[in-house]
Amino acid sequence: MTDTKITLPESDIPTHFYNIAPDLPTPMPPPLHPGTKEPIGPEALAPIFPMGLILQEVSQERWIEIPDEVRNIYRLYRPSPVFRARALEEFLDTPAKIYYKSEHVSPVGSHKLNTALMQAWMNKQEGVKRLATETGAGQWGSALACACRLMGLECMVYMVRVSYDSKPYRRIMMKTYGAEIIASPSTTTRAGRTILAKDPQSPGSLGIAISEAIEDAAGRDDTKYALGSVLNHVLLHQTIIGQEAKKQMELAGDYPDIVIGCHGGGSNFAGLAFPFLRDKLKGERPALRAIAAEPASCPSLTKGAREYDFGDTAGTTPLMMMHTLGHDFIPPPVHAGGLRYHGSAPLVSHLLAAGAIEAEAYQQREVFKSAVDFARCEGTIPAPESAHAIHSAIRHALAARASGEKKIILFNLSGHGIFDMAAYEAYLDGKMGA
Ligand SMILES: *Cc1c(COP(=O)(O)O)cnc(C)c1O
């Protein structure tokens, strides 16, 4: 029997991030200035991001070196294992082999620490003392709070109101790392006050919280802004996931037919899929399918138009060409808070338009059924976000049963769900909406 847990030594932590930009079939449409609608240069982002990250954002270099200090901290949890989901395969009675990359093993329980550490490091190099950010479900906030602490920076988190109220443990986690947290919309920024004037009971949204964090960063010399998804450099940092997974699949003697990630802004999907997609774009693996699984209640990829839109609600970010539901779209408060974003990463949107990847959308209740099935087979309780990838993997494994094909399926377990017990309780008690 081959191994159930496929591990790599620390020496196999990637030395470089993989930048997909030079391998794209067609060039990306440039970001535009929010006022003039003209293409912007890197300098336009300088008030809120450090130059090192801006250069990564626009880089055309295929391989970008990971600093030693960041690689050394990655040793705390990387390389993360790939598991063969044998019990799940048996439960589904499928000839498919199901593998999952386990990003839930990071200290904060998700893939987001991968980019948080790199972003905090880059800011520190450029003398920044404090980072401001938004968080939805709290995963990005806790990742940045942890990374700032490990790198010696201060951290300010604008947390979407619904999650602030319903997820006290994520909030306490951020406080444990020493971060400052405020519910968004807040009265401390102009963006927050504008929303509250219109709707004092506003549940908040990621788009609103982003506007607040950007305003905070733009208004202080010692502070920059950090984003946990969507941007090219964030997706870039996550490619260590797929690079490790490729080595691990090689050790297992399999190459995936299908790679799957859940999709909020696109970073964990891209992180797993892009290193495999490189093989497809080079023509070596033309049949590889890469699938982004999103919630039906926030279907930016499957229902959104691909057009220029703002990244935030107030309309302060550059215009990016992406699949979007509109920057003023406020998604219903689904339990997978990390997937409540109106848009999709420009890189992921571009690859979808090029036909290189696919997207699927699933309802909350069917996703939780798959989450519970997975937990009962494999032991790990998945984050509600990750459960969208699990649900997709299960559907493809069942399709393989129907067709009798021995498909190889690899999905990203982007995080664990130990802080999401309220959502599991709602599902188990039959009180969850569709
Ligand atoms: C934030 C988050 C997501 C969604 O963000 P992406 O950028 O699409 O990866 C998915 N899973 C988990 C566990 C998260 O914390």
# chains A, B, ... in the order shown; residues from 1 in each chain; ligands from 1
>>> residues_around(residues="segment 126-133 of chain A", least_positions_apart="5", cutoff="10 Å", atoms="only C-alpha atoms", output="number ranges by chain")
A: 48-52, 119-121, 140-141, 144-145, 148, 152-159, 179-181, 209-218, 220-228
>>> residues_around(residues="segment 72-80 of chain A", least_positions_apart="5", cutoff="7 Å", atoms="only C-alpha atoms", output="PyMOL selection string")
chain A and resi 8+10+13+102-103+105-106+244
>>> write_last_selection(atoms="all heavy atoms", output="CSV table (one decimal), in the first residue's frame")
chain,number,residue,atom,x,y,z
A,8,LEU,N,7.1,15.8,2.6
A,8,LEU,CA,8.4,16.2,2.0
A,8,LEU,C,9.2,16.7,3.2
A,8,LEU,O,8.7,17.3,4.2
A,8,LEU,CB,8.2,17.3,1.0
A,8,LEU,CG,7.4,17.0,-0.3
A,8,LEU,CD1,7.1,18.3,-1.1
A,8,LEU,CD2,8.1,15.9,-1.1
A,10,GLU,N,11.9,19.4,5.0
A,10,GLU,CA,11.9,20.9,5.0
A,10,GLU,C,12.8,21.4,3.8
A,10,GLU,O,12.5,22.5,3.3
A,10,GLU,CB,12.5,21.4,6.3
A,10,GLU,CG,11.4,21.3,7.4
A,10,GLU,CD,12.0,21.8,8.8
A,10,GLU,OE1,13.0,22.5,8.8
A,10,GLU,OE2,11.3,21.5,9.8
A,13,ILE,N,10.9,22.7,0.8
A,13,ILE,CA,10.1,24.0,0.8
A,13,ILE,C,10.6,24.7,-0.4
A,13,ILE,O,11.8,24.9,-0.6
A,13,ILE,CB,10.3,24.8,2.1
A,13,ILE,CG1,9.8,24.1,3.3
A,13,ILE,CG2,9.6,26.2,1.9
A,13,ILE,CD1,10.1,24.7,4.6
A,102,SER,N,-3.1,19.7,2.4
A,102,SER,CA,-3.6,20.1,3.7
A,102,SER,C,-3.1,21.4,4.2
A,102,SER,O,-2.2,21.4,5.0
A,102,SER,CB,-3.4,19.0,4.7
A,102,SER,OG,-2.0,18.7,4.7
A,103,GLU,N,-3.6,22.5,3.7
A,103,GLU,CA,-3.2,23.8,4.2
A,103,GLU,C,-3.7,24.2,5.6
A,103,GLU,O,-3.3,25.2,6.2
A,103,GLU,CB,-3.5,24.9,3.2
A,103,GLU,CG,-2.8,24.8,1.9
A,103,GLU,CD,-1.3,24.9,2.1
A,103,GLU,OE1,-0.8,26.0,2.6
A,103,GLU,OE2,-0.5,24.0,1.7
A,105,VAL,N,-3.0,22.8,8.2
A,105,VAL,CA,-2.0,22.5,9.2
A,105,VAL,C,-1.2,23.8,9.6
A,105,VAL,O,-0.3,23.7,10.5
A,105,VAL,CB,-1.0,21.4,8.8
A,105,VAL,CG1,-1.8,20.1,8.4
A,105,VAL,CG2,-0.1,21.8,7.6
A,106,SER,N,-1.4,24.9,9.0
A,106,SER,CA,-0.7,26.1,9.4
A,106,SER,C,-1.1,26.5,10.8
A,106,SER,O,-2.2,26.2,11.2
A,106,SER,CB,-0.9,27.2,8.4
A,106,SER,OG,-2.0,28.1,8.8
A,244,GLU,N,4.7,22.2,-4.1
A,244,GLU,CA,4.9,21.1,-3.2
A,244,GLU,C,4.0,19.9,-3.6
A,244,GLU,O,4.5,18.8,-3.7
A,244,GLU,CB,4.5,21.5,-1.7
A,244,GLU,CG,5.5,22.4,-1.1
A,244,GLU,CD,5.0,22.8,0.3
A,244,GLU,OE1,4.0,22.3,0.8
A,244,GLU,OE2,5.7,23.7,0.9
>>> atom_distance(atom1="atom CA of Pro107 of chain A", atom2="atom CA of Ala393 of chain A")
25.5 Å
>>> residues_near_ligand(ligand="ligand 1", cutoff="8 Å", atoms="only C-alpha atoms and all ligand atoms", output="ChimeraX atom specification")
/A:104,109-112,136-140,228-230,235,261-270,337-339,383-386,413-417
>>> write_last_selection(atoms="N, CA, C and O atoms", output="CSV table (one decimal), in the first residue's frame")
chain,number,residue,atom,x,y,z
A,104,HIS,N,-4.6,23.3,6.1
A,104,HIS,CA,-5.2,23.6,7.4
A,104,HIS,C,-4.1,23.3,8.5
A,104,HIS,O,-4.4,23.7,9.7
A,109,GLY,N,-4.4,27.8,10.8
A,109,GLY,CA,-5.5,26.9,10.3
A,109,GLY,C,-5.9,27.1,8.8
A,109,GLY,O,-6.9,26.6,8.4
A,110,SER,N,-5.1,27.9,8.1
A,110,SER,CA,-5.5,28.1,6.6
A,110,SER,C,-4.2,28.5,5.8
A,110,SER,O,-3.2,28.7,6.4
A,111,HIS,N,-4.4,28.5,4.5
A,111,HIS,CA,-3.3,28.8,3.6
A,111,HIS,C,-2.9,30.3,3.7
A,111,HIS,O,-1.9,30.7,3.2
A,112,LYS,N,-3.7,31.1,4.3
A,112,LYS,CA,-3.5,32.6,4.2
A,112,LYS,C,-2.2,33.0,4.9
A,112,LYS,O,-1.6,34.1,4.5
A,136,GLY,N,-13.0,38.9,6.6
A,136,GLY,CA,-14.4,38.5,6.6
A,136,GLY,C,-14.6,37.5,7.7
A,136,GLY,O,-14.9,37.9,8.9
A,137,ALA,N,-14.4,36.3,7.4
A,137,ALA,CA,-14.6,35.2,8.4
A,137,ALA,C,-13.5,35.3,9.6
A,137,ALA,O,-13.7,34.7,10.6
A,138,GLY,N,-12.5,36.0,9.3
A,138,GLY,CA,-11.4,36.1,10.4
A,138,GLY,C,-10.2,35.4,10.0
A,138,GLY,O,-9.1,35.5,10.7
A,139,GLN,N,-10.2,34.6,9.0
A,139,GLN,CA,-9.0,33.8,8.6
A,139,GLN,C,-7.8,34.7,8.2
A,139,GLN,O,-6.7,34.5,8.6
A,140,TRP,N,-8.1,35.6,7.3
A,140,TRP,CA,-7.1,36.5,6.8
A,140,TRP,C,-6.6,37.4,7.9
A,140,TRP,O,-5.4,37.6,8.1
A,228,GLY,N,-5.6,39.9,1.4
A,228,GLY,CA,-5.4,38.5,1.5
A,228,GLY,C,-5.7,37.6,0.3
A,228,GLY,O,-5.5,36.4,0.4
A,229,SER,N,-6.1,38.3,-0.8
A,229,SER,CA,-6.5,37.5,-2.0
A,229,SER,C,-6.5,38.4,-3.2
A,229,SER,O,-6.0,39.5,-3.1
A,230,VAL,N,-7.0,37.9,-4.3
A,230,VAL,CA,-7.3,38.7,-5.5
A,230,VAL,C,-6.1,39.2,-6.3
A,230,VAL,O,-6.0,39.0,-7.5
A,235,LEU,N,-1.6,35.7,-5.2
A,235,LEU,CA,-1.7,34.4,-5.8
A,235,LEU,C,-0.3,33.9,-6.0
A,235,LEU,O,-0.1,32.7,-5.9
A,261,GLY,N,-10.0,23.8,-6.3
A,261,GLY,CA,-9.9,24.7,-5.1
A,261,GLY,C,-11.2,25.4,-4.9
A,261,GLY,O,-11.9,25.7,-5.9
A,262,CYS,N,-11.5,25.8,-3.7
A,262,CYS,CA,-12.7,26.6,-3.5
A,262,CYS,C,-12.3,28.0,-3.9
A,262,CYS,O,-11.1,28.3,-4.0
A,263,HIS,N,-13.3,28.9,-4.2
A,263,HIS,CA,-13.0,30.2,-4.8
A,263,HIS,C,-13.7,31.3,-4.0
A,263,HIS,O,-14.9,31.4,-4.0
A,264,GLY,N,-12.9,32.2,-3.4
A,264,GLY,CA,-13.4,33.4,-2.8
A,264,GLY,C,-12.9,34.6,-3.6
A,264,GLY,O,-13.6,35.2,-4.4
A,265,GLY,N,-11.6,34.8,-3.5
A,265,GLY,CA,-10.9,35.8,-4.4
A,265,GLY,C,-10.0,35.1,-5.4
A,265,GLY,O,-9.6,35.7,-6.3
A,266,GLY,N,-9.7,33.8,-5.1
A,266,GLY,CA,-9.0,33.0,-6.1
A,266,GLY,C,-7.6,32.6,-5.6
A,266,GLY,O,-6.9,31.9,-6.4
A,267,SER,N,-7.2,32.9,-4.4
A,267,SER,CA,-5.8,32.7,-4.1
A,267,SER,C,-5.5,31.2,-3.7
A,267,SER,O,-4.4,30.7,-4.2
A,268,ASN,N,-6.3,30.5,-3.0
A,268,ASN,CA,-5.9,29.1,-2.7
A,268,ASN,C,-6.1,28.2,-3.9
A,268,ASN,O,-5.4,27.3,-4.2
A,269,PHE,N,-7.2,28.6,-4.7
A,269,PHE,CA,-7.3,27.8,-6.0
A,269,PHE,C,-6.1,28.0,-6.9
A,269,PHE,O,-5.5,27.1,-7.4
A,270,ALA,N,-5.7,29.3,-7.1
A,270,ALA,CA,-4.5,29.6,-7.9
A,270,ALA,C,-3.3,28.9,-7.3
A,270,ALA,O,-2.4,28.4,-8.1
A,337,GLY,N,-17.8,32.6,5.1
A,337,GLY,CA,-17.6,34.0,5.1
A,337,GLY,C,-16.4,34.4,4.2
A,337,GLY,O,-16.4,35.5,3.6
A,338,GLY,N,-15.4,33.5,4.1
A,338,GLY,CA,-14.2,33.8,3.3
A,338,GLY,C,-14.5,33.8,1.8
A,338,GLY,O,-13.7,34.1,1.0
A,339,LEU,N,-15.7,33.4,1.4
A,339,LEU,CA,-16.1,33.3,0.0
A,339,LEU,C,-17.0,34.5,-0.3
A,339,LEU,O,-17.6,34.5,-1.5
A,383,ALA,N,-13.0,23.8,6.8
A,383,ALA,CA,-13.6,25.1,6.8
A,383,ALA,C,-14.7,25.1,5.8
A,383,ALA,O,-14.7,24.4,4.8
A,384,PRO,N,-15.8,25.8,6.1
A,384,PRO,CA,-17.0,25.8,5.2
A,384,PRO,C,-16.5,26.3,3.8
A,384,PRO,O,-17.1,25.8,2.8
A,385,GLU,N,-15.5,27.1,3.7
A,385,GLU,CA,-15.0,27.5,2.4
A,385,GLU,C,-14.4,26.3,1.7
A,385,GLU,O,-14.8,26.0,0.5
A,386,SER,N,-13.5,25.6,2.3
A,386,SER,CA,-12.8,24.4,1.7
A,386,SER,C,-13.9,23.4,1.3
A,386,SER,O,-13.6,22.6,0.4
A,413,LEU,N,-7.4,21.5,0.6
A,413,LEU,CA,-8.1,21.7,1.9
A,413,LEU,C,-7.5,23.0,2.5
A,413,LEU,O,-6.5,23.0,3.2
A,414,SER,N,-8.1,24.1,2.1
A,414,SER,CA,-7.5,25.4,2.4
A,414,SER,C,-7.5,25.7,3.8
A,414,SER,O,-6.7,26.6,4.3
A,415,GLY,N,-8.4,25.1,4.6
A,415,GLY,CA,-8.4,25.4,6.1
A,415,GLY,C,-9.3,24.5,6.9
A,415,GLY,O,-10.1,23.7,6.3
A,416,HIS,N,-9.1,24.5,8.2
A,416,HIS,CA,-10.0,23.6,9.0
A,416,HIS,C,-11.1,24.5,9.5
A,416,HIS,O,-11.1,25.7,9.5
A,417,GLY,N,-12.1,23.8,10.0
A,417,GLY,CA,-13.4,24.5,10.4
A,417,GLY,C,-13.6,24.5,11.9
A,417,GLY,O,-14.8,24.6,12.4
>>> residues_around(residues="segment 302-317 of chain A", least_positions_apart="2", cutoff="8 Å", atoms="only C-alpha atoms", output="MDAnalysis selection string")
chainID A and resid 34 191 206:208 210:211 299:300 319:328 343 349 359:361
>>> closest_residue(among="A:Pro81, A:Pro14, A:Gly192, A:Gly253", to="Gln238 of chain A", atoms="only C-alpha atoms")
A:Pro14
>>> atom_distance(atom1="atom CA of Lys369 of chain A", atom2="atom CA of Leu410 of chain A")
19.5 Å
>>> residues_around(residues="Ile195 of chain A", least_positions_apart="2", cutoff="10 Å", atoms="only C-alpha atoms", output="ChimeraX atom specification")
/A:184-187,190-193,197-202,204,208,313-314
>>> write_last_selection(atoms="all heavy atoms", output="compact mmCIF listing (two decimals), in the first residue's frame")
# COMPACT_ATOMS: atom_id res chain seq x y z
N SER A 184 -16.50 46.45 11.20
CA SER A 184 -16.69 47.27 9.99
C SER A 184 -18.09 47.04 9.42
O SER A 184 -18.50 45.90 9.28
CB SER A 184 -15.63 46.91 8.95
OG SER A 184 -15.98 47.43 7.68
N PRO A 185 -18.85 48.09 9.07
CA PRO A 185 -18.45 49.49 9.02
C PRO A 185 -18.24 50.08 10.42
O PRO A 185 -18.99 49.81 11.34
CB PRO A 185 -19.62 50.19 8.30
CG PRO A 185 -20.75 49.21 8.30
CD PRO A 185 -20.19 47.85 8.49
N SER A 186 -17.19 50.91 10.52
CA SER A 186 -16.86 51.56 11.78
C SER A 186 -17.08 53.07 11.65
O SER A 186 -17.26 53.58 10.54
CB SER A 186 -15.39 51.30 12.13
OG SER A 186 -14.55 52.13 11.35
N THR A 187 -17.00 53.75 12.77
CA THR A 187 -17.14 55.21 12.72
C THR A 187 -15.78 55.90 12.61
O THR A 187 -15.71 57.12 12.55
CB THR A 187 -17.84 55.72 13.99
OG1 THR A 187 -17.12 55.23 15.13
CG2 THR A 187 -19.28 55.26 14.07
N ARG A 190 -14.05 57.56 7.03
CA ARG A 190 -15.09 58.23 6.26
C ARG A 190 -15.93 57.19 5.51
O ARG A 190 -17.15 57.28 5.47
CB ARG A 190 -14.42 59.20 5.27
CG ARG A 190 -15.34 60.23 4.67
CD ARG A 190 -14.54 61.25 3.83
NE ARG A 190 -13.44 60.63 3.10
CZ ARG A 190 -13.60 59.92 1.97
NH1 ARG A 190 -14.80 59.77 1.44
NH2 ARG A 190 -12.56 59.38 1.38
N ALA A 191 -15.26 56.17 4.95
CA ALA A 191 -15.97 55.12 4.21
C ALA A 191 -16.98 54.42 5.12
O ALA A 191 -18.13 54.18 4.74
CB ALA A 191 -14.98 54.11 3.64
N GLY A 192 -16.56 54.12 6.34
CA GLY A 192 -17.44 53.43 7.29
C GLY A 192 -18.62 54.31 7.69
O GLY A 192 -19.77 53.85 7.73
N ARG A 193 -18.32 55.59 7.97
CA ARG A 193 -19.40 56.51 8.39
C ARG A 193 -20.43 56.70 7.28
O ARG A 193 -21.64 56.78 7.54
CB ARG A 193 -18.80 57.86 8.79
CG ARG A 193 -18.05 57.82 10.14
CD ARG A 193 -17.71 59.22 10.64
NE ARG A 193 -16.80 59.95 9.77
CZ ARG A 193 -15.45 59.88 9.86
NH1 ARG A 193 -14.87 59.11 10.78
NH2 ARG A 193 -14.68 60.58 9.03
N ALA A 197 -24.35 55.84 7.80
CA ALA A 197 -25.36 56.89 7.67
C ALA A 197 -26.55 56.37 6.86
O ALA A 197 -27.70 56.71 7.13
CB ALA A 197 -24.75 58.11 7.00
N LYS A 198 -26.24 55.54 5.85
CA LYS A 198 -27.32 54.99 5.00
C LYS A 198 -28.00 53.81 5.68
O LYS A 198 -29.20 53.62 5.54
CB LYS A 198 -26.73 54.51 3.66
CG LYS A 198 -26.60 55.64 2.64
CD LYS A 198 -26.21 55.10 1.27
CE LYS A 198 -24.76 55.38 0.97
NZ LYS A 198 -24.18 54.76 -0.19
N ASP A 199 -27.22 52.99 6.38
CA ASP A 199 -27.77 51.77 6.99
C ASP A 199 -27.05 51.50 8.32
O ASP A 199 -26.03 50.83 8.36
CB ASP A 199 -27.56 50.58 6.03
CG ASP A 199 -28.06 49.28 6.63
OD1 ASP A 199 -28.72 49.32 7.70
OD2 ASP A 199 -27.80 48.22 6.03
N PRO A 200 -27.63 52.03 9.42
CA PRO A 200 -26.98 51.88 10.72
C PRO A 200 -26.83 50.40 11.14
O PRO A 200 -25.99 50.08 11.97
CB PRO A 200 -27.93 52.61 11.68
CG PRO A 200 -28.77 53.50 10.82
CD PRO A 200 -28.86 52.84 9.48
N GLN A 201 -27.67 49.51 10.54
CA GLN A 201 -27.61 48.08 10.89
C GLN A 201 -26.78 47.30 9.87
O GLN A 201 -26.88 46.07 9.83
CB GLN A 201 -29.03 47.48 10.91
CG GLN A 201 -30.02 48.19 11.82
CD GLN A 201 -29.54 48.26 13.25
OE1 GLN A 201 -28.93 47.31 13.76
NE2 GLN A 201 -29.78 49.39 13.91
N SER A 202 -26.00 47.98 9.04
CA SER A 202 -25.27 47.30 7.98
C SER A 202 -24.48 46.09 8.51
O SER A 202 -23.73 46.21 9.49
CB SER A 202 -24.28 48.27 7.32
OG SER A 202 -23.39 47.56 6.48
N GLY A 204 -22.14 44.80 7.03
CA GLY A 204 -20.79 44.93 6.51
C GLY A 204 -20.56 43.99 5.35
O GLY A 204 -21.39 43.14 5.03
N ILE A 208 -16.62 46.78 1.85
CA ILE A 208 -16.65 47.94 2.77
C ILE A 208 -15.41 47.95 3.65
O ILE A 208 -14.74 48.98 3.84
CB ILE A 208 -17.92 47.90 3.64
CG1 ILE A 208 -19.19 48.03 2.78
CG2 ILE A 208 -17.88 49.01 4.71
CD1 ILE A 208 -20.49 47.74 3.53
N THR A 313 -15.87 48.63 -2.09
CA THR A 313 -17.22 49.19 -2.23
C THR A 313 -17.20 50.69 -2.51
O THR A 313 -17.99 51.19 -3.30
CB THR A 313 -18.02 48.91 -0.94
OG1 THR A 313 -18.03 47.50 -0.74
CG2 THR A 313 -19.45 49.40 -1.06
N ALA A 314 -16.27 51.40 -1.86
CA ALA A 314 -16.23 52.85 -2.02
C ALA A 314 -15.68 53.26 -3.38
O ALA A 314 -15.78 54.43 -3.76
CB ALA A 314 -15.41 53.48 -0.90
>>> closest_residue(among="A:Cys377, A:Ala183, A:Met122, A:Val162", to="Arg86 of chain A", atoms="only C-alpha atoms")
A:Cys377
>>> residues_around(residues="Tyr169 of chain A", least_positions_apart="5", cutoff="10 Å", atoms="only C-alpha atoms", output="PDB file with all heavy atoms, in the first residue's frame")
ATOM      1  N   GLY A 138     -12.456  36.003   9.330  1.00  0.00           N
ATOM      2  CA  GLY A 138     -11.423  36.133  10.356  1.00  0.00           C
ATOM      3  C   GLY A 138     -10.153  35.376  10.034  1.00  0.00           C
ATOM      4  O   GLY A 138      -9.145  35.521  10.711  1.00  0.00           O
ATOM      5  N   TYR A 164     -17.723  39.653  13.033  1.00  0.00           N
ATOM      6  CA  TYR A 164     -17.288  40.196  14.327  1.00  0.00           C
ATOM      7  C   TYR A 164     -18.232  39.709  15.425  1.00  0.00           C
ATOM      8  O   TYR A 164     -17.808  39.312  16.506  1.00  0.00           O
ATOM      9  CB  TYR A 164     -17.288  41.724  14.255  1.00  0.00           C
ATOM     10  CG  TYR A 164     -16.717  42.426  15.466  1.00  0.00           C
ATOM     11  CD1 TYR A 164     -15.378  42.790  15.506  1.00  0.00           C
ATOM     12  CD2 TYR A 164     -17.528  42.753  16.551  1.00  0.00           C
ATOM     13  CE1 TYR A 164     -14.848  43.448  16.601  1.00  0.00           C
ATOM     14  CE2 TYR A 164     -17.009  43.413  17.657  1.00  0.00           C
ATOM     15  CZ  TYR A 164     -15.667  43.763  17.674  1.00  0.00           C
ATOM     16  OH  TYR A 164     -15.145  44.409  18.762  1.00  0.00           O
ATOM     17  N   MET A 174      -6.914  36.867  17.045  1.00  0.00           N
ATOM     18  CA  MET A 174      -6.164  38.037  16.552  1.00  0.00           C
ATOM     19  C   MET A 174      -5.627  38.851  17.719  1.00  0.00           C
ATOM     20  O   MET A 174      -4.500  39.333  17.694  1.00  0.00           O
ATOM     21  CB  MET A 174      -7.064  38.905  15.659  1.00  0.00           C
ATOM     22  CG  MET A 174      -7.408  38.238  14.339  1.00  0.00           C
ATOM     23  SD  MET A 174      -8.353  39.315  13.240  1.00  0.00           S
ATOM     24  CE  MET A 174     -10.031  38.836  13.585  1.00  0.00           C
ATOM     25  N   LYS A 175      -6.448  39.001  18.760  1.00  0.00           N
ATOM     26  CA  LYS A 175      -6.014  39.746  19.944  1.00  0.00           C
ATOM     27  C   LYS A 175      -4.850  39.038  20.618  1.00  0.00           C
ATOM     28  O   LYS A 175      -3.940  39.667  21.151  1.00  0.00           O
ATOM     29  CB  LYS A 175      -7.174  39.868  20.944  1.00  0.00           C
ATOM     30  CG  LYS A 175      -8.083  41.031  20.662  1.00  0.00           C
ATOM     31  CD  LYS A 175      -8.903  41.351  21.916  1.00  0.00           C
ATOM     32  CE  LYS A 175      -9.831  42.526  21.660  1.00  0.00           C
ATOM     33  NZ  LYS A 175     -10.947  42.538  22.609  1.00  0.00           N
ATOM     34  N   ILE A 418     -12.533  24.397  12.701  1.00  0.00           N
ATOM     35  CA  ILE A 418     -12.707  24.266  14.157  1.00  0.00           C
ATOM     36  C   ILE A 418     -13.331  25.520  14.772  1.00  0.00           C
ATOM     37  O   ILE A 418     -13.947  25.456  15.827  1.00  0.00           O
ATOM     38  CB  ILE A 418     -11.345  23.904  14.800  1.00  0.00           C
ATOM     39  CG1 ILE A 418     -10.912  22.530  14.279  1.00  0.00           C
ATOM     40  CG2 ILE A 418     -11.447  23.854  16.322  1.00  0.00           C
ATOM     41  CD1 ILE A 418      -9.555  22.078  14.751  1.00  0.00           C
ATOM     42  N   PHE A 419     -13.212  26.667  14.072  1.00  0.00           N
ATOM     43  CA  PHE A 419     -13.855  27.884  14.562  1.00  0.00           C
ATOM     44  C   PHE A 419     -15.256  28.075  13.971  1.00  0.00           C
ATOM     45  O   PHE A 419     -15.864  29.113  14.172  1.00  0.00           O
ATOM     46  CB  PHE A 419     -13.003  29.109  14.231  1.00  0.00           C
ATOM     47  CG  PHE A 419     -11.740  29.192  15.029  1.00  0.00           C
ATOM     48  CD1 PHE A 419     -10.526  28.799  14.484  1.00  0.00           C
ATOM     49  CD2 PHE A 419     -11.762  29.657  16.337  1.00  0.00           C
ATOM     50  CE1 PHE A 419      -9.362  28.866  15.225  1.00  0.00           C
ATOM     51  CE2 PHE A 419     -10.598  29.725  17.082  1.00  0.00           C
ATOM     52  CZ  PHE A 419      -9.385  29.322  16.522  1.00  0.00           C
ATOM     53  N   ASP A 420     -15.725  27.096  13.235  1.00  0.00           N
ATOM     54  CA  ASP A 420     -16.996  27.253  12.513  1.00  0.00           C
ATOM     55  C   ASP A 420     -18.088  26.344  13.055  1.00  0.00           C
ATOM     56  O   ASP A 420     -18.981  25.919  12.325  1.00  0.00           O
ATOM     57  CB  ASP A 420     -16.754  26.973  11.022  1.00  0.00           C
ATOM     58  CG  ASP A 420     -15.772  27.966  10.422  1.00  0.00           C
ATOM     59  OD1 ASP A 420     -16.181  29.089  10.104  1.00  0.00           O
ATOM     60  OD2 ASP A 420     -14.573  27.622  10.329  1.00  0.00           O
TER      61      ASP A 420
END
